[in-house]
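Novice: So that we are looking at the same thing, I have put the structure below in structure tokens.
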Amino acid sequence: MSNGSVGLIADVGGTNARFALCSTAGEFISPVTLLCREYDSLESAVRAYLKRIDYRGTPIKTAAFAVACPVLQDFVSMTNNDWSFSIRGLQKALGLNSLTVVNDFVAQALAVPLLTQAQKIKIGTGEPTEGFPIAVVGPGTGLGVSVLVPQNDGTWKALASEGGHATMPAPFPEEERVISFLRQEYGHVSAERVVSGMGLTNLYRTLLKLRGDESIVLPPEEISKRALAGDSLCREAVQMMFGLLGTLAGNLALTVGALGGVYIAGGIIPRDGLLEMFKESSFRIRFEAKGRFTSYLSRIPTYVMALDYPAFLGLSGIIQKNSDN
């Protein structure tokens with residue numbers, strides 16, 4: 001890959017900022033993950049990344065960043081970390097001719113049509129119906145949602161969404177007890193409060209409290225680790241999150257008519273070693289459990305996106321498009 005063909009891509013979440021260089025052919029190299037809390041701004045993290053890989057090529061002029069927050073105007077304020085920035089200001093500071101900033105799940109969604117069979121793991125039954133929307137939902141630090149809408153020219157348009165902040169329904173009494181408890185603390189209990197990394201922490205500490213034990217705040221990675229080691233309460237928290245995700249995914253599929261399929265992204269299921277537990281969970285049963293529309297949902301396939309940097313695929317397409325202009 002020649003130095004002149006390099007662009008910069010970044011997937012910036014609440015915990016991690018993932019960077020890579022990207023060619024105009026869509027290949028990405030030198031991926032590095034930095035902890036957001038170790039840097040005071042996105043600009044400083046970008047500069048740290050380029051220093052980390054000892055980049056000495058032609059000055060980078062094109063970049064595409066995915067951020068875990070709404071992108072509504074020039075000023076962007078991250079939802080689950082302290083960073084905020086002006087897109088135009090960051091572009092100027094980094095000496096870029098082009099900087100595209102999109103919601104992180106827009107980038108995740110744009111990756112779906114580019115996935116190989118090996119990069120998606122099917123959960124349950126159903127087959128995609130051509131010409132219909134595809135939904136993407138995923139728990140990471142927060143909860144992301146996007147929808148892919150097919151266009152007449154054969155391409156896809158990814159819709160930005162803040163569906164992770166919609167109100168969380170509780171179809172079963174044990175879940176209602178947990179959500180009622182959290183409602184006393186938060187007022188509004190969004191889906192993200194219980195289906196995400198922070199959500200897993202919330203579920204675990206609430207389950208502890210409801211059984212009369214002292215509430216302990218554990219990071220989601222520790223809860224996942226203990227669940228895999230056989231800790232019964234950690235397993236209960238993980239399984240409850242998977243069931244709630246199934247309910248959410250089914251609601252999303254009905255809302256947007258996602259007969260093209262529903263894809264599960266985010267960092268928890270594929271990357272925290274929970275995939276086998278997820279396969280055996282109530283997710284798919286809950287996904288289909290919509291009364292008269294169970295047969296409708298049984299037609300819709302659900303997949304886990306199983307690759308390290310799914311957002312990079314979507315961002316690479318933006319780099320290619322901008323380089324052609």
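By convention here, the chains of the structure tokens are called A, B, ... in the order presented, each chain's residues are numbered starting at 1, and ligands are numbered starting at 1 in the order presented.
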Determine which residues of stretch 133-284 of chain A receive a DSSP assignment of helix (DSSP H, G or I), computed from the backbone, and state them as a ChimeraX atom specification.
Specialist: /A:163-165,173-186,191-193,197-210,220-228,232-256,268-271,275-279,283-284
Novice: Could you write out that same residue set with C-alpha atoms as a CSV table (one decimal), in the first residue's frame?
Specialist:
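For reference, out_2.csv as written:
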chain,number,residue,atom,x,y,z
A,163,GLY,CA,-32.8,3.5,19.9
A,164,GLY,CA,-30.7,2.4,22.8
A,165,HIS,CA,-32.3,5.2,24.8
A,173,PRO,CA,-42.0,-10.5,36.6
A,174,GLU,CA,-38.4,-11.0,37.6
A,175,GLU,CA,-37.3,-8.4,35.0
A,176,GLU,CA,-40.0,-6.0,36.2
A,177,ARG,CA,-38.7,-6.3,39.7
A,178,VAL,CA,-35.2,-5.3,38.5
A,179,ILE,CA,-36.4,-2.5,36.3
A,180,SER,CA,-38.7,-1.2,39.0
A,181,PHE,CA,-35.7,-1.0,41.3
A,182,LEU,CA,-33.6,0.8,38.7
A,183,ARG,CA,-36.5,3.2,38.0
A,184,GLN,CA,-36.3,4.5,41.6
A,185,GLU,CA,-32.6,5.3,40.8
A,186,TYR,CA,-32.8,6.6,37.3
A,191,ALA,CA,-32.7,-0.2,27.1
A,192,GLU,CA,-29.0,0.9,27.5
A,193,ARG,CA,-29.4,0.8,31.3
A,197,GLY,CA,-21.7,-3.0,29.6
A,198,MET,CA,-23.1,-0.6,32.1
A,199,GLY,CA,-26.4,-2.5,31.9
A,200,LEU,CA,-24.7,-5.7,32.9
A,201,THR,CA,-23.2,-4.0,36.0
A,202,ASN,CA,-26.7,-2.6,36.8
A,203,LEU,CA,-28.4,-6.0,36.5
A,204,TYR,CA,-25.8,-7.7,38.7
A,205,ARG,CA,-25.9,-5.1,41.5
A,206,THR,CA,-29.7,-5.0,41.4
A,207,LEU,CA,-30.0,-8.8,41.6
A,208,LEU,CA,-27.7,-8.7,44.6
A,209,LYS,CA,-29.8,-6.0,46.3
A,210,LEU,CA,-33.1,-7.8,45.6
A,220,PRO,CA,-18.9,-6.0,33.0
A,221,GLU,CA,-15.7,-7.8,32.1
A,222,GLU,CA,-15.5,-9.3,35.6
A,223,ILE,CA,-19.2,-10.3,35.5
A,224,SER,CA,-18.6,-12.0,32.2
A,225,LYS,CA,-15.5,-13.8,33.5
A,226,ARG,CA,-17.3,-15.0,36.6
A,227,ALA,CA,-20.3,-16.1,34.6
A,228,LEU,CA,-18.1,-18.3,32.4
A,232,SER,CA,-24.7,-18.4,39.5
A,233,LEU,CA,-25.6,-14.7,40.0
A,234,CYS,CA,-23.3,-13.5,37.3
A,235,ARG,CA,-24.8,-16.1,35.0
A,236,GLU,CA,-28.3,-14.9,35.9
A,237,ALA,CA,-27.3,-11.3,35.1
A,238,VAL,CA,-25.8,-12.2,31.8
A,239,GLN,CA,-28.8,-14.4,30.8
A,240,MET,CA,-31.2,-11.7,31.8
A,241,MET,CA,-29.4,-9.3,29.6
A,242,PHE,CA,-29.5,-11.7,26.7
A,243,GLY,CA,-33.3,-12.2,27.2
A,244,LEU,CA,-33.9,-8.5,27.3
A,245,LEU,CA,-31.8,-8.1,24.1
A,246,GLY,CA,-34.0,-10.7,22.4
A,247,THR,CA,-37.1,-8.7,23.3
A,248,LEU,CA,-35.5,-5.5,22.0
A,249,ALA,CA,-34.3,-7.1,18.8
A,250,GLY,CA,-37.8,-8.5,18.1
A,251,ASN,CA,-39.4,-5.1,18.8
A,252,LEU,CA,-36.9,-3.5,16.4
A,253,ALA,CA,-37.5,-6.1,13.7
A,254,LEU,CA,-41.2,-5.5,13.9
A,255,THR,CA,-40.9,-1.7,13.9
A,256,VAL,CA,-38.7,-1.4,10.8
A,268,ILE,CA,-19.7,-7.9,24.7
A,269,ILE,CA,-21.1,-11.0,23.0
A,270,PRO,CA,-18.4,-11.7,20.3
A,271,ARG,CA,-15.4,-10.4,22.3
A,275,LEU,CA,-20.8,-16.4,22.4
A,276,GLU,CA,-21.5,-20.0,23.4
A,277,MET,CA,-23.6,-18.8,26.3
A,278,PHE,CA,-25.5,-16.5,24.0
A,279,LYS,CA,-26.3,-19.3,21.6
A,283,PHE,CA,-32.4,-14.6,23.0
A,284,ARG,CA,-34.0,-16.3,20.0
Novice: So which residues touch A:Gly26 within 12 Å, counting only C-alpha atoms, skipping near sequence neighbours fewer than 6 positions away, as a PyMOL selection string?
Specialist: chain A and resi 1+5-9+20+111+114+312-323
Novice: Which of these residues is nearest to A:Gly131, using only C-alpha atoms: A:Ala311, A:Leu72, A:Ala258, A:Val147?
Specialist: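 Looking at the shortest contact to A:Gly131, the residue is A:Ala258.
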Novice: Given only C-alpha atoms as the basis, pick out the residue of A:Gly230, A:Gly124, A:Pro31, A:Pro113 nearest to A:Gly154.
Specialist: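 Of A:Gly230, A:Gly124, A:Pro31, A:Pro113, the one nearest A:Gly154 is A:Pro113, counting only C-alpha atoms.
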Novice: Given only C-alpha atoms as the basis, pick out the residue of A:Val145, A:Leu297, A:Ala10, A:Glu38 nearest to A:Thr100.
Specialist: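 Looking only at the distances to A:Thr100, the closest residue turns out to be A:Ala10.
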Novice: Would you give me, as a PyMOL selection string, the residues in stretch 31-184 of chain A that DSSP reads as strand (DSSP E or B)?
Specialist: chain A and resi 31-35+62-67+75-77+84-86+98-103+120-123+134-139+143-150+156-160+167
Novice: Please list as a list of chain:residue names every residue within 12 Å of A:Leu259, counting only C-alpha atoms and excluding residues in the same chain fewer than 6 positions away.
Specialist: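 So the residues in contact are A:Gly126, A:Glu127, A:Pro128, A:Thr129, A:Glu130, A:Gly131, A:Phe132, A:Pro133, A:Ile134, A:Ala135, A:Val147, A:Leu148, A:Val149, A:Pro150, A:Gly250, A:Leu252, A:Ala253, A:Tyr296, A:Leu297, A:Ser298, A:Arg299, A:Ile300, A:Pro301, A:Thr302.
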Novice: Please indicate the distance in Å from atom CA of A:Val195 to atom CA of A:Pro310, rounded to one decimal place.
Specialist: 19.5 Å
Novice: Using only C-alpha atoms, can you tell me which of A:Phe75, A:Trp83, A:Lys61, A:Ala93 comes closest to A:Arg47?
Specialist: A:Ala93
